[in-house]
$ cat entry-v4.pdb   # PDB, N, CA and C atoms
ATOM      1  N   MET A  16     -20.285 -23.718  47.781  1.00  0.00           N
ATOM      2  CA  MET A  16     -19.148 -24.602  47.687  1.00  0.00           C
ATOM      3  C   MET A  16     -18.684 -24.632  46.236  1.00  0.00           C
ATOM      4  N   LYS A  17     -17.410 -24.644  46.065  1.00  0.00           N
ATOM      5  CA  LYS A  17     -16.830 -24.644  44.731  1.00  0.00           C
ATOM      6  C   LYS A  17     -15.785 -25.754  44.656  1.00  0.00           C
ATOM      7  N   ILE A  18     -15.898 -26.575  43.618  1.00  0.00           N
ATOM      8  CA  ILE A  18     -14.960 -27.680  43.445  1.00  0.00           C
ATOM      9  C   ILE A  18     -14.300 -27.529  42.085  1.00  0.00           C
ATOM     10  N   ASN A  19     -13.008 -27.580  42.049  1.00  0.00           N
ATOM     11  CA  ASN A  19     -12.241 -27.535  40.809  1.00  0.00           C
ATOM     12  C   ASN A  19     -11.536 -28.863  40.608  1.00  0.00           C
ATOM     13  N   ILE A  20     -11.652 -29.389  39.395  1.00  0.00           N
ATOM     14  CA  ILE A  20     -10.957 -30.627  39.053  1.00  0.00           C
ATOM     15  C   ILE A  20     -10.088 -30.335  37.837  1.00  0.00           C
ATOM     16  N   ASP A  21      -8.806 -30.542  37.940  1.00  0.00           N
ATOM     17  CA  ASP A  21      -7.873 -30.359  36.834  1.00  0.00           C
ATOM     18  C   ASP A  21      -7.464 -31.724  36.307  1.00  0.00           C
ATOM     19  N   ILE A  22      -7.675 -31.941  35.027  1.00  0.00           N
ATOM     20  CA  ILE A  22      -7.294 -33.202  34.399  1.00  0.00           C
ATOM     21  C   ILE A  22      -6.285 -32.887  33.307  1.00  0.00           C
ATOM     22  N   GLU A  23      -5.166 -33.516  33.384  1.00  0.00           N
ATOM     23  CA  GLU A  23      -4.142 -33.331  32.364  1.00  0.00           C
ATOM     24  C   GLU A  23      -4.130 -34.556  31.463  1.00  0.00           C
ATOM     25  N   CYS A  24      -4.455 -34.337  30.189  1.00  0.00           N
ATOM     26  CA  CYS A  24      -4.418 -35.424  29.226  1.00  0.00           C
ATOM     27  C   CYS A  24      -4.296 -34.814  27.829  1.00  0.00           C
ATOM     28  N   THR A  25      -3.911 -35.638  26.900  1.00  0.00           N
ATOM     29  CA  THR A  25      -3.786 -35.192  25.516  1.00  0.00           C
ATOM     30  C   THR A  25      -5.177 -35.181  24.874  1.00  0.00           C
ATOM     31  N   PRO A  26      -5.343 -34.470  23.765  1.00  0.00           N
ATOM     32  CA  PRO A  26      -6.627 -34.501  23.078  1.00  0.00           C
ATOM     33  C   PRO A  26      -7.054 -35.917  22.680  1.00  0.00           C
ATOM     34  N   GLN A  27      -6.091 -36.729  22.267  1.00  0.00           N
ATOM     35  CA  GLN A  27      -6.394 -38.111  21.887  1.00  0.00           C
ATOM     36  C   GLN A  27      -6.927 -38.888  23.086  1.00  0.00           C
ATOM     37  N   GLU A  28      -6.300 -38.719  24.245  1.00  0.00           N
ATOM     38  CA  GLU A  28      -6.764 -39.394  25.455  1.00  0.00           C
ATOM     39  C   GLU A  28      -8.166 -38.923  25.850  1.00  0.00           C
ATOM     40  N   ALA A  29      -8.435 -37.626  25.707  1.00  0.00           N
ATOM     41  CA  ALA A  29      -9.765 -37.102  26.055  1.00  0.00           C
ATOM     42  C   ALA A  29     -10.832 -37.665  25.120  1.00  0.00           C
ATOM     43  N   ARG A  30     -10.528 -37.741  23.809  1.00  0.00           N
ATOM     44  CA  ARG A  30     -11.496 -38.304  22.853  1.00  0.00           C
ATOM     45  C   ARG A  30     -11.784 -39.768  23.183  1.00  0.00           C
ATOM     46  N   THR A  31     -10.746 -40.514  23.499  1.00  0.00           N
ATOM     47  CA  THR A  31     -10.923 -41.930  23.830  1.00  0.00           C
ATOM     48  C   THR A  31     -11.752 -42.072  25.110  1.00  0.00           C
ATOM     49  N   PHE A  32     -11.452 -41.277  26.121  1.00  0.00           N
ATOM     50  CA  PHE A  32     -12.172 -41.340  27.394  1.00  0.00           C
ATOM     51  C   PHE A  32     -13.648 -41.004  27.217  1.00  0.00           C
ATOM     52  N   LEU A  33     -13.948 -39.996  26.370  1.00  0.00           N
ATOM     53  CA  LEU A  33     -15.338 -39.580  26.164  1.00  0.00           C
ATOM     54  C   LEU A  33     -16.063 -40.416  25.122  1.00  0.00           C
ATOM     55  N   GLY A  34     -15.358 -41.348  24.479  1.00  0.00           N
ATOM     56  CA  GLY A  34     -15.977 -42.232  23.509  1.00  0.00           C
ATOM     57  C   GLY A  34     -16.173 -41.602  22.138  1.00  0.00           C
ATOM     58  N   LEU A  35     -15.445 -40.553  21.838  1.00  0.00           N
ATOM     59  CA  LEU A  35     -15.543 -39.899  20.534  1.00  0.00           C
ATOM     60  C   LEU A  35     -14.743 -40.670  19.489  1.00  0.00           C
ATOM     61  N   PRO A  36     -15.138 -40.589  18.233  1.00  0.00           N
ATOM     62  CA  PRO A  36     -14.424 -41.337  17.200  1.00  0.00           C
ATOM     63  C   PRO A  36     -13.034 -40.755  16.923  1.00  0.00           C
ATOM     64  N   ASP A  37     -12.162 -41.612  16.431  1.00  0.00           N
ATOM     65  CA  ASP A  37     -10.813 -41.193  16.057  1.00  0.00           C
ATOM     66  C   ASP A  37     -10.883 -40.554  14.664  1.00  0.00           C
ATOM     67  N   VAL A  38     -10.704 -39.260  14.594  1.00  0.00           N
ATOM     68  CA  VAL A  38     -10.813 -38.536  13.323  1.00  0.00           C
ATOM     69  C   VAL A  38      -9.452 -38.195  12.727  1.00  0.00           C
ATOM     70  N   GLU A  39      -8.392 -38.641  13.336  1.00  0.00           N
ATOM     71  CA  GLU A  39      -7.052 -38.303  12.864  1.00  0.00           C
ATOM     72  C   GLU A  39      -6.783 -38.783  11.432  1.00  0.00           C
ATOM     73  N   PRO A  40      -7.159 -40.014  11.036  1.00  0.00           N
ATOM     74  CA  PRO A  40      -6.921 -40.424   9.645  1.00  0.00           C
ATOM     75  C   PRO A  40      -7.659 -39.533   8.641  1.00  0.00           C
ATOM     76  N   MET A  41      -8.886 -39.133   8.976  1.00  0.00           N
ATOM     77  CA  MET A  41      -9.647 -38.262   8.087  1.00  0.00           C
ATOM     78  C   MET A  41      -8.982 -36.887   7.995  1.00  0.00           C
ATOM     79  N   GLN A  42      -8.518 -36.362   9.116  1.00  0.00           N
ATOM     80  CA  GLN A  42      -7.843 -35.069   9.120  1.00  0.00           C
ATOM     81  C   GLN A  42      -6.571 -35.115   8.279  1.00  0.00           C
ATOM     82  N   GLN A  43      -5.826 -36.199   8.378  1.00  0.00           N
ATOM     83  CA  GLN A  43      -4.596 -36.335   7.589  1.00  0.00           C
ATOM     84  C   GLN A  43      -4.913 -36.353   6.095  1.00  0.00           C
ATOM     85  N   ALA A  44      -5.975 -37.078   5.711  1.00  0.00           N
ATOM     86  CA  ALA A  44      -6.349 -37.152   4.293  1.00  0.00           C
ATOM     87  C   ALA A  44      -6.775 -35.782   3.775  1.00  0.00           C
ATOM     88  N   ILE A  45      -7.561 -35.061   4.555  1.00  0.00           N
ATOM     89  CA  ILE A  45      -8.016 -33.731   4.139  1.00  0.00           C
ATOM     90  C   ILE A  45      -6.844 -32.761   4.042  1.00  0.00           C
ATOM     91  N   MET A  46      -5.928 -32.832   4.974  1.00  0.00           N
ATOM     92  CA  MET A  46      -4.756 -31.953   4.924  1.00  0.00           C
ATOM     93  C   MET A  46      -3.894 -32.257   3.708  1.00  0.00           C
ATOM     94  N   GLN A  47      -3.770 -33.509   3.343  1.00  0.00           N
ATOM     95  CA  GLN A  47      -3.000 -33.896   2.153  1.00  0.00           C
ATOM     96  C   GLN A  47      -3.657 -33.322   0.899  1.00  0.00           C
ATOM     97  N   GLN A  48      -4.983 -33.462   0.788  1.00  0.00           N
ATOM     98  CA  GLN A  48      -5.702 -32.918  -0.368  1.00  0.00           C
ATOM     99  C   GLN A  48      -5.574 -31.395  -0.430  1.00  0.00           C
ATOM    100  N   THR A  49      -5.681 -30.749   0.719  1.00  0.00           N
ATOM    101  CA  THR A  49      -5.561 -29.294   0.770  1.00  0.00           C
ATOM    102  C   THR A  49      -4.174 -28.849   0.323  1.00  0.00           C
ATOM    103  N   GLN A  50      -3.158 -29.558   0.759  1.00  0.00           N
ATOM    104  CA  GLN A  50      -1.791 -29.217   0.381  1.00  0.00           C
ATOM    105  C   GLN A  50      -1.595 -29.392  -1.118  1.00  0.00           C
ATOM    106  N   GLU A  51      -2.132 -30.462  -1.695  1.00  0.00           N
ATOM    107  CA  GLU A  51      -1.997 -30.682  -3.136  1.00  0.00           C
ATOM    108  C   GLU A  51      -2.700 -29.587  -3.923  1.00  0.00           C
ATOM    109  N   ARG A  52      -3.898 -29.202  -3.497  1.00  0.00           N
ATOM    110  CA  ARG A  52      -4.639 -28.147  -4.193  1.00  0.00           C
ATOM    111  C   ARG A  52      -3.906 -26.812  -4.111  1.00  0.00           C
ATOM    112  N   MET A  53      -3.374 -26.496  -2.947  1.00  0.00           N
ATOM    113  CA  MET A  53      -2.645 -25.240  -2.791  1.00  0.00           C
ATOM    114  C   MET A  53      -1.394 -25.225  -3.667  1.00  0.00           C
ATOM    115  N   THR A  54      -0.712 -26.359  -3.747  1.00  0.00           N
ATOM    116  CA  THR A  54       0.478 -26.448  -4.588  1.00  0.00           C
ATOM    117  C   THR A  54       0.105 -26.237  -6.048  1.00  0.00           C
ATOM    118  N   GLN A  55      -0.982 -26.841  -6.510  1.00  0.00           N
ATOM    119  CA  GLN A  55      -1.432 -26.651  -7.893  1.00  0.00           C
ATOM    120  C   GLN A  55      -1.803 -25.196  -8.145  1.00  0.00           C
ATOM    121  N   TYR A  56      -2.477 -24.569  -7.188  1.00  0.00           N
ATOM    122  CA  TYR A  56      -2.880 -23.174  -7.338  1.00  0.00           C
ATOM    123  C   TYR A  56      -1.653 -22.271  -7.418  1.00  0.00           C
ATOM    124  N   LEU A  57      -0.677 -22.509  -6.555  1.00  0.00           N
ATOM    125  CA  LEU A  57       0.515 -21.667  -6.538  1.00  0.00           C
ATOM    126  C   LEU A  57       1.376 -21.867  -7.777  1.00  0.00           C
ATOM    127  N   ASP A  58       1.306 -23.047  -8.395  1.00  0.00           N
ATOM    128  CA  ASP A  58       2.051 -23.269  -9.639  1.00  0.00           C
ATOM    129  C   ASP A  58       1.540 -22.342 -10.741  1.00  0.00           C
ATOM    130  N   GLY A  59       0.259 -22.010 -10.710  1.00  0.00           N
ATOM    131  CA  GLY A  59      -0.318 -21.124 -11.712  1.00  0.00           C
ATOM    132  C   GLY A  59      -0.115 -19.653 -11.403  1.00  0.00           C
ATOM    133  N   MET A  60       0.599 -19.339 -10.342  1.00  0.00           N
ATOM    134  CA  MET A  60       0.788 -17.955  -9.944  1.00  0.00           C
ATOM    135  C   MET A  60       2.120 -17.367 -10.407  1.00  0.00           C
ATOM    136  N   ASP A  61       2.849 -18.051 -11.266  1.00  0.00           N
ATOM    137  CA  ASP A  61       4.104 -17.480 -11.728  1.00  0.00           C
ATOM    138  C   ASP A  61       3.787 -16.296 -12.651  1.00  0.00           C
ATOM    139  N   PRO A  62       4.652 -15.295 -12.717  1.00  0.00           N
ATOM    140  CA  PRO A  62       4.362 -14.063 -13.454  1.00  0.00           C
ATOM    141  C   PRO A  62       4.017 -14.280 -14.926  1.00  0.00           C
ATOM    142  N   GLU A  63       4.693 -15.189 -15.587  1.00  0.00           N
ATOM    143  CA  GLU A  63       4.438 -15.409 -17.015  1.00  0.00           C
ATOM    144  C   GLU A  63       3.006 -15.906 -17.245  1.00  0.00           C
ATOM    145  N   THR A  64       2.553 -16.840 -16.431  1.00  0.00           N
ATOM    146  CA  THR A  64       1.198 -17.367 -16.565  1.00  0.00           C
ATOM    147  C   THR A  64       0.169 -16.287 -16.266  1.00  0.00           C
ATOM    148  N   LEU A  65       0.420 -15.466 -15.251  1.00  0.00           N
ATOM    149  CA  LEU A  65      -0.516 -14.402 -14.914  1.00  0.00           C
ATOM    150  C   LEU A  65      -0.645 -13.402 -16.057  1.00  0.00           C
ATOM    151  N   VAL A  66       0.470 -13.022 -16.658  1.00  0.00           N
ATOM    152  CA  VAL A  66       0.431 -12.061 -17.760  1.00  0.00           C
ATOM    153  C   VAL A  66      -0.324 -12.654 -18.940  1.00  0.00           C
ATOM    154  N   LYS A  67      -0.094 -13.909 -19.239  1.00  0.00           N
ATOM    155  CA  LYS A  67      -0.808 -14.548 -20.348  1.00  0.00           C
ATOM    156  C   LYS A  67      -2.304 -14.630 -20.071  1.00  0.00           C
ATOM    157  N   THR A  68      -2.673 -14.842 -18.821  1.00  0.00           N
ATOM    158  CA  THR A  68      -4.081 -14.939 -18.461  1.00  0.00           C
ATOM    159  C   THR A  68      -4.761 -13.572 -18.524  1.00  0.00           C
ATOM    160  N   TRP A  69      -4.107 -12.575 -17.969  1.00  0.00           N
ATOM    161  CA  TRP A  69      -4.709 -11.251 -17.899  1.00  0.00           C
ATOM    162  C   TRP A  69      -4.664 -10.509 -19.228  1.00  0.00           C
ATOM    163  N   LEU A  70      -3.623 -10.732 -20.004  1.00  0.00           N
ATOM    164  CA  LEU A  70      -3.437 -10.008 -21.260  1.00  0.00           C
ATOM    165  C   LEU A  70      -3.269 -10.987 -22.415  1.00  0.00           C
ATOM    166  N   PRO A  71      -4.337 -11.636 -22.842  1.00  0.00           N
ATOM    167  CA  PRO A  71      -4.184 -12.634 -23.896  1.00  0.00           C
ATOM    168  C   PRO A  71      -3.694 -12.049 -25.212  1.00  0.00           C
ATOM    169  N   ALA A  72      -4.001 -10.779 -25.494  1.00  0.00           N
ATOM    170  CA  ALA A  72      -3.555 -10.177 -26.750  1.00  0.00           C
ATOM    171  C   ALA A  72      -2.200  -9.498 -26.594  1.00  0.00           C
ATOM    172  N   GLY A  73      -1.658  -9.482 -25.408  1.00  0.00           N
ATOM    173  CA  GLY A  73      -0.342  -8.895 -25.194  1.00  0.00           C
ATOM    174  C   GLY A  73      -0.379  -7.383 -25.295  1.00  0.00           C
ATOM    175  N   ILE A  74       0.682  -6.833 -25.832  1.00  0.00           N
ATOM    176  CA  ILE A  74       0.834  -5.383 -25.932  1.00  0.00           C
ATOM    177  C   ILE A  74      -0.170  -4.786 -26.913  1.00  0.00           C
ATOM    178  N   GLN A  75      -0.556  -5.516 -27.920  1.00  0.00           N
ATOM    179  CA  GLN A  75      -1.517  -4.993 -28.892  1.00  0.00           C
ATOM    180  C   GLN A  75      -2.832  -4.645 -28.204  1.00  0.00           C
ATOM    181  N   GLY A  76      -3.230  -5.430 -27.244  1.00  0.00           N
ATOM    182  CA  GLY A  76      -4.450  -5.143 -26.501  1.00  0.00           C
ATOM    183  C   GLY A  76      -4.342  -3.823 -25.755  1.00  0.00           C
ATOM    184  N   TRP A  77      -3.172  -3.567 -25.166  1.00  0.00           N
ATOM    185  CA  TRP A  77      -2.958  -2.299 -24.463  1.00  0.00           C
ATOM    186  C   TRP A  77      -3.026  -1.128 -25.431  1.00  0.00           C
ATOM    187  N   GLU A  78      -2.451  -1.311 -26.614  1.00  0.00           N
ATOM    188  CA  GLU A  78      -2.468  -0.233 -27.603  1.00  0.00           C
ATOM    189  C   GLU A  78      -3.897   0.077 -28.027  1.00  0.00           C
ATOM    190  N   GLN A  79      -4.719  -0.949 -28.215  1.00  0.00           N
ATOM    191  CA  GLN A  79      -6.112  -0.730 -28.602  1.00  0.00           C
ATOM    192  C   GLN A  79      -6.887  -0.028 -27.490  1.00  0.00           C
ATOM    193  N   ILE A  80      -6.650  -0.405 -26.256  1.00  0.00           N
ATOM    194  CA  ILE A  80      -7.322   0.240 -25.128  1.00  0.00           C
ATOM    195  C   ILE A  80      -6.914   1.703 -25.049  1.00  0.00           C
ATOM    196  N   GLN A  81      -5.616   1.953 -25.243  1.00  0.00           N
ATOM    197  CA  GLN A  81      -5.119   3.321 -25.177  1.00  0.00           C
ATOM    198  C   GLN A  81      -5.723   4.176 -26.296  1.00  0.00           C
ATOM    199  N   LYS A  82      -5.799   3.650 -27.507  1.00  0.00           N
ATOM    200  CA  LYS A  82      -6.386   4.394 -28.624  1.00  0.00           C
ATOM    201  C   LYS A  82      -7.858   4.698 -28.363  1.00  0.00           C
ATOM    202  N   ALA A  83      -8.591   3.721 -27.853  1.00  0.00           N
ATOM    203  CA  ALA A  83     -10.000   3.944 -27.551  1.00  0.00           C
ATOM    204  C   ALA A  83     -10.160   4.999 -26.467  1.00  0.00           C
ATOM    205  N   PHE A  84      -9.322   4.957 -25.464  1.00  0.00           N
ATOM    206  CA  PHE A  84      -9.369   5.934 -24.374  1.00  0.00           C
ATOM    207  C   PHE A  84      -9.116   7.332 -24.904  1.00  0.00           C
ATOM    208  N   TRP A  85      -8.061   7.497 -25.699  1.00  0.00           N
ATOM    209  CA  TRP A  85      -7.723   8.829 -26.211  1.00  0.00           C
ATOM    210  C   TRP A  85      -8.770   9.327 -27.205  1.00  0.00           C
ATOM    211  N   SER A  86      -9.375   8.440 -27.974  1.00  0.00           N
ATOM    212  CA  SER A  86     -10.406   8.887 -28.909  1.00  0.00           C
ATOM    213  C   SER A  86     -11.645   9.360 -28.147  1.00  0.00           C
ATOM    214  N   GLN A  87     -11.968   8.711 -27.030  1.00  0.00           N
ATOM    215  CA  GLN A  87     -13.092   9.153 -26.221  1.00  0.00           C
ATOM    216  C   GLN A  87     -12.812  10.510 -25.588  1.00  0.00           C
ATOM    217  N   LEU A  88     -11.574  10.709 -25.101  1.00  0.00           N
ATOM    218  CA  LEU A  88     -11.215  11.989 -24.521  1.00  0.00           C
ATOM    219  C   LEU A  88     -11.232  13.093 -25.563  1.00  0.00           C
ATOM    220  N   ALA A  89     -10.749  12.804 -26.753  1.00  0.00           N
ATOM    221  CA  ALA A  89     -10.728  13.803 -27.813  1.00  0.00           C
ATOM    222  C   ALA A  89     -12.156  14.181 -28.215  1.00  0.00           C
ATOM    223  N   GLY A  90     -13.057  13.217 -28.266  1.00  0.00           N
ATOM    224  CA  GLY A  90     -14.446  13.487 -28.615  1.00  0.00           C
ATOM    225  C   GLY A  90     -15.177  14.253 -27.530  1.00  0.00           C
ATOM    226  N   ALA A  91     -14.823  14.036 -26.285  1.00  0.00           N
ATOM    227  CA  ALA A  91     -15.507  14.710 -25.172  1.00  0.00           C
ATOM    228  C   ALA A  91     -15.128  16.183 -25.097  1.00  0.00           C
ATOM    229  N   GLY A  92     -13.950  16.536 -25.576  1.00  0.00           N
ATOM    230  CA  GLY A  92     -13.501  17.925 -25.469  1.00  0.00           C
ATOM    231  C   GLY A  92     -13.901  18.778 -26.648  1.00  0.00           C
ATOM    232  N   GLY A  93     -14.565  18.206 -27.639  1.00  0.00           N
ATOM    233  CA  GLY A  93     -14.931  18.957 -28.839  1.00  0.00           C
ATOM    234  C   GLY A  93     -16.123  19.852 -28.597  1.00  0.00           C
ATOM    235  N   PRO A  94     -16.503  20.631 -29.633  1.00  0.00           N
ATOM    236  CA  PRO A  94     -17.643  21.534 -29.484  1.00  0.00           C
ATOM    237  C   PRO A  94     -18.938  20.750 -29.336  1.00  0.00           C
ATOM    238  N   ALA A  95     -19.887  21.314 -28.615  1.00  0.00           N
ATOM    239  CA  ALA A  95     -21.170  20.667 -28.397  1.00  0.00           C
ATOM    240  C   ALA A  95     -21.987  20.697 -29.681  1.00  0.00           C
ATOM    241  N   LYS A  96     -22.685  19.616 -29.952  1.00  0.00           N
ATOM    242  CA  LYS A  96     -23.514  19.521 -31.172  1.00  0.00           C
ATOM    243  C   LYS A  96     -24.881  20.104 -30.873  1.00  0.00           C
ATOM    244  N   LYS A  97     -25.432  20.890 -31.827  1.00  0.00           N
ATOM    245  CA  LYS A  97     -26.757  21.457 -31.700  1.00  0.00           C
ATOM    246  C   LYS A  97     -27.693  20.640 -32.569  1.00  0.00           C
ATOM    247  N   GLU A  98     -28.847  20.276 -31.999  1.00  0.00           N
ATOM    248  CA  GLU A  98     -29.807  19.483 -32.763  1.00  0.00           C
ATOM    249  C   GLU A  98     -30.968  20.315 -33.186  1.00  0.00           C
TER     250      GLU A  98
END

$ encode --input "entry-v4.pdb" --output "structure tokens"
Amino acid sequence: MKINIDIECTPQEARTFLGLPDVEPMQQAIMQQTQERMTQYLDGMDPETLVKTWLPAGIQGWEQIQKAFWSQLAGAGGPAKKE
């Protein structure tokens, strides 16, 4: 024998019927905090701030990296040293 019971109710009605606590105020508070944090995070994502964060020395830092890279390549292609 198989019995099917269909109950149509909202989640709030089901929680009340089963005696579960009302968590809606807590959910609203957490969602508000999450939204504020995301807004603060996205404010720091503008291109100017990202460039300042990633490249604190600006173009001079790139020039130093490039010089170091080319000096390493130039040294690697030279004649082998005999000891």

$ atom_distance --input "entry-v4.pdb" --atom1 "atom C of A:Gln81" --atom2 "atom N of A:Val66"
20.7 Å

$ select_by_dssp --input "entry-v4.pdb" --residues "chain A" --states "alpha helix (DSSP H)" --output "MDAnalysis selection string"
chainID A and resid 26:33 39:58 62:69 74:91

$ axis_aligned_box --input "entry-v4.pdb" --around "stretch 34-41 of chain A" --padding-each-side "4 Å" --output "JSON"
{"center_x": -11.5, "center_y": -39.6, "center_z": 16.2, "size_x": 17.4, "size_y": 13.3, "size_z": 24.5}

$ atom_distance --input "entry-v4.pdb" --atom1 "atom N of A:Asp21" --atom2 "atom N of A:Leu33"
15.8 Å

$ atom_distance --input "entry-v4.pdb" --atom1 "atom C of A:Leu35" --atom2 "atom C of A:Ile20"
21.6 Å

$ decode --input "entry-v4.pdb" --residues "chain A" --atoms "C-alpha atoms" --output "PDB file, in the first residue's frame"
ATOM      1  CA  MET A  16       0.000   0.000   0.000  1.00  0.00           C
ATOM      2  CA  LYS A  17       1.262   3.434  -0.857  1.00  0.00           C
ATOM      3  CA  ILE A  18      -0.071   6.685   0.562  1.00  0.00           C
ATOM      4  CA  ASN A  19       0.878  10.115  -0.742  1.00  0.00           C
ATOM      5  CA  ILE A  20       0.114  13.288   1.164  1.00  0.00           C
ATOM      6  CA  ASP A  21       0.658  16.654  -0.534  1.00  0.00           C
ATOM      7  CA  ILE A  22       0.826  19.682   1.736  1.00  0.00           C
ATOM      8  CA  GLU A  23       1.002  23.132   0.269  1.00  0.00           C
ATOM      9  CA  CYS A  24       2.434  25.732   2.612  1.00  0.00           C
ATOM     10  CA  THR A  25       5.102  28.396   2.713  1.00  0.00           C
ATOM     11  CA  PRO A  26       8.471  27.741   4.362  1.00  0.00           C
ATOM     12  CA  GLN A  27       7.451  30.055   7.210  1.00  0.00           C
ATOM     13  CA  GLU A  28       4.251  28.068   7.782  1.00  0.00           C
ATOM     14  CA  ALA A  29       6.194  24.775   7.751  1.00  0.00           C
ATOM     15  CA  ARG A  30       8.726  26.088  10.313  1.00  0.00           C
ATOM     16  CA  THR A  31       5.915  27.276  12.576  1.00  0.00           C
ATOM     17  CA  PHE A  32       4.029  23.967  12.247  1.00  0.00           C
ATOM     18  CA  LEU A  33       7.157  21.919  13.055  1.00  0.00           C
ATOM     19  CA  GLY A  34       8.090  24.190  15.964  1.00  0.00           C
ATOM     20  CA  LEU A  35      11.345  25.438  14.438  1.00  0.00           C
ATOM     21  CA  PRO A  36      12.682  28.846  15.457  1.00  0.00           C
ATOM     22  CA  ASP A  37      12.131  31.940  13.338  1.00  0.00           C
ATOM     23  CA  VAL A  38      15.546  32.618  11.786  1.00  0.00           C
ATOM     24  CA  GLU A  39      14.460  35.349   9.383  1.00  0.00           C
ATOM     25  CA  PRO A  40      15.772  38.285  11.513  1.00  0.00           C
ATOM     26  CA  MET A  41      19.171  36.582  11.801  1.00  0.00           C
ATOM     27  CA  GLN A  42      19.259  35.904   8.054  1.00  0.00           C
ATOM     28  CA  GLN A  43      18.439  39.545   7.312  1.00  0.00           C
ATOM     29  CA  ALA A  44      21.246  40.751   9.608  1.00  0.00           C
ATOM     30  CA  ILE A  45      23.780  38.390   8.025  1.00  0.00           C
ATOM     31  CA  MET A  46      22.741  39.399   4.518  1.00  0.00           C
ATOM     32  CA  GLN A  47      23.133  43.079   5.434  1.00  0.00           C
ATOM     33  CA  GLN A  48      26.652  42.459   6.792  1.00  0.00           C
ATOM     34  CA  THR A  49      27.565  40.426   3.713  1.00  0.00           C
ATOM     35  CA  GLN A  50      26.342  43.180   1.412  1.00  0.00           C
ATOM     36  CA  GLU A  51      28.351  45.820   3.298  1.00  0.00           C
ATOM     37  CA  ARG A  52      31.525  43.714   3.158  1.00  0.00           C
ATOM     38  CA  MET A  53      31.110  43.043  -0.553  1.00  0.00           C
ATOM     39  CA  THR A  54      30.572  46.746  -1.215  1.00  0.00           C
ATOM     40  CA  GLN A  55      33.761  47.612   0.705  1.00  0.00           C
ATOM     41  CA  TYR A  56      35.697  44.931  -1.181  1.00  0.00           C
ATOM     42  CA  LEU A  57      34.453  46.129  -4.565  1.00  0.00           C
ATOM     43  CA  ASP A  58      35.357  49.734  -3.717  1.00  0.00           C
ATOM     44  CA  GLY A  59      38.990  48.601  -3.542  1.00  0.00           C
ATOM     45  CA  MET A  60      38.798  47.000  -6.976  1.00  0.00           C
ATOM     46  CA  ASP A  61      39.022  50.169  -9.054  1.00  0.00           C
ATOM     47  CA  PRO A  62      41.952  50.092 -11.531  1.00  0.00           C
ATOM     48  CA  GLU A  63      43.937  52.902  -9.902  1.00  0.00           C
ATOM     49  CA  THR A  64      43.942  51.202  -6.489  1.00  0.00           C
ATOM     50  CA  LEU A  65      44.898  47.853  -8.016  1.00  0.00           C
ATOM     51  CA  VAL A  66      47.848  49.363  -9.887  1.00  0.00           C
ATOM     52  CA  LYS A  67      49.062  51.124  -6.748  1.00  0.00           C
ATOM     53  CA  THR A  68      48.785  47.887  -4.780  1.00  0.00           C
ATOM     54  CA  TRP A  69      50.483  45.672  -7.333  1.00  0.00           C
ATOM     55  CA  LEU A  70      53.133  48.153  -8.465  1.00  0.00           C
ATOM     56  CA  PRO A  71      54.111  50.328  -5.513  1.00  0.00           C
ATOM     57  CA  ALA A  72      57.256  51.584  -7.275  1.00  0.00           C
ATOM     58  CA  GLY A  73      55.401  52.272 -10.512  1.00  0.00           C
ATOM     59  CA  ILE A  74      57.251  52.157 -13.801  1.00  0.00           C
ATOM     60  CA  GLN A  75      60.661  52.278 -12.128  1.00  0.00           C
ATOM     61  CA  GLY A  76      59.983  48.860 -10.644  1.00  0.00           C
ATOM     62  CA  TRP A  77      59.262  47.476 -14.113  1.00  0.00           C
ATOM     63  CA  GLU A  78      62.484  48.970 -15.438  1.00  0.00           C
ATOM     64  CA  GLN A  79      64.493  47.336 -12.642  1.00  0.00           C
ATOM     65  CA  ILE A  80      62.850  43.963 -13.271  1.00  0.00           C
ATOM     66  CA  GLN A  81      63.538  44.275 -16.982  1.00  0.00           C
ATOM     67  CA  LYS A  82      67.215  45.166 -16.411  1.00  0.00           C
ATOM     68  CA  ALA A  83      67.665  42.233 -14.043  1.00  0.00           C
ATOM     69  CA  PHE A  84      66.004  39.888 -16.531  1.00  0.00           C
ATOM     70  CA  TRP A  85      68.182  41.019 -19.437  1.00  0.00           C
ATOM     71  CA  SER A  86      71.361  40.882 -17.351  1.00  0.00           C
ATOM     72  CA  GLN A  87      70.567  37.282 -16.393  1.00  0.00           C
ATOM     73  CA  LEU A  88      69.940  36.373 -20.031  1.00  0.00           C
ATOM     74  CA  ALA A  89      73.151  38.059 -21.133  1.00  0.00           C
ATOM     75  CA  GLY A  90      75.133  36.181 -18.465  1.00  0.00           C
ATOM     76  CA  ALA A  91      73.581  32.828 -19.375  1.00  0.00           C
ATOM     77  CA  GLY A  92      74.605  33.111 -23.025  1.00  0.00           C
ATOM     78  CA  GLY A  93      78.269  33.859 -22.336  1.00  0.00           C
ATOM     79  CA  PRO A  94      81.181  31.431 -22.540  1.00  0.00           C
ATOM     80  CA  ALA A  95      81.374  28.711 -19.906  1.00  0.00           C
ATOM     81  CA  LYS A  96      83.863  29.320 -17.089  1.00  0.00           C
ATOM     82  CA  LYS A  97      86.580  26.712 -16.494  1.00  0.00           C
ATOM     83  CA  GLU A  98      87.645  26.094 -12.914  1.00  0.00           C
TER      84      GLU A  98
END
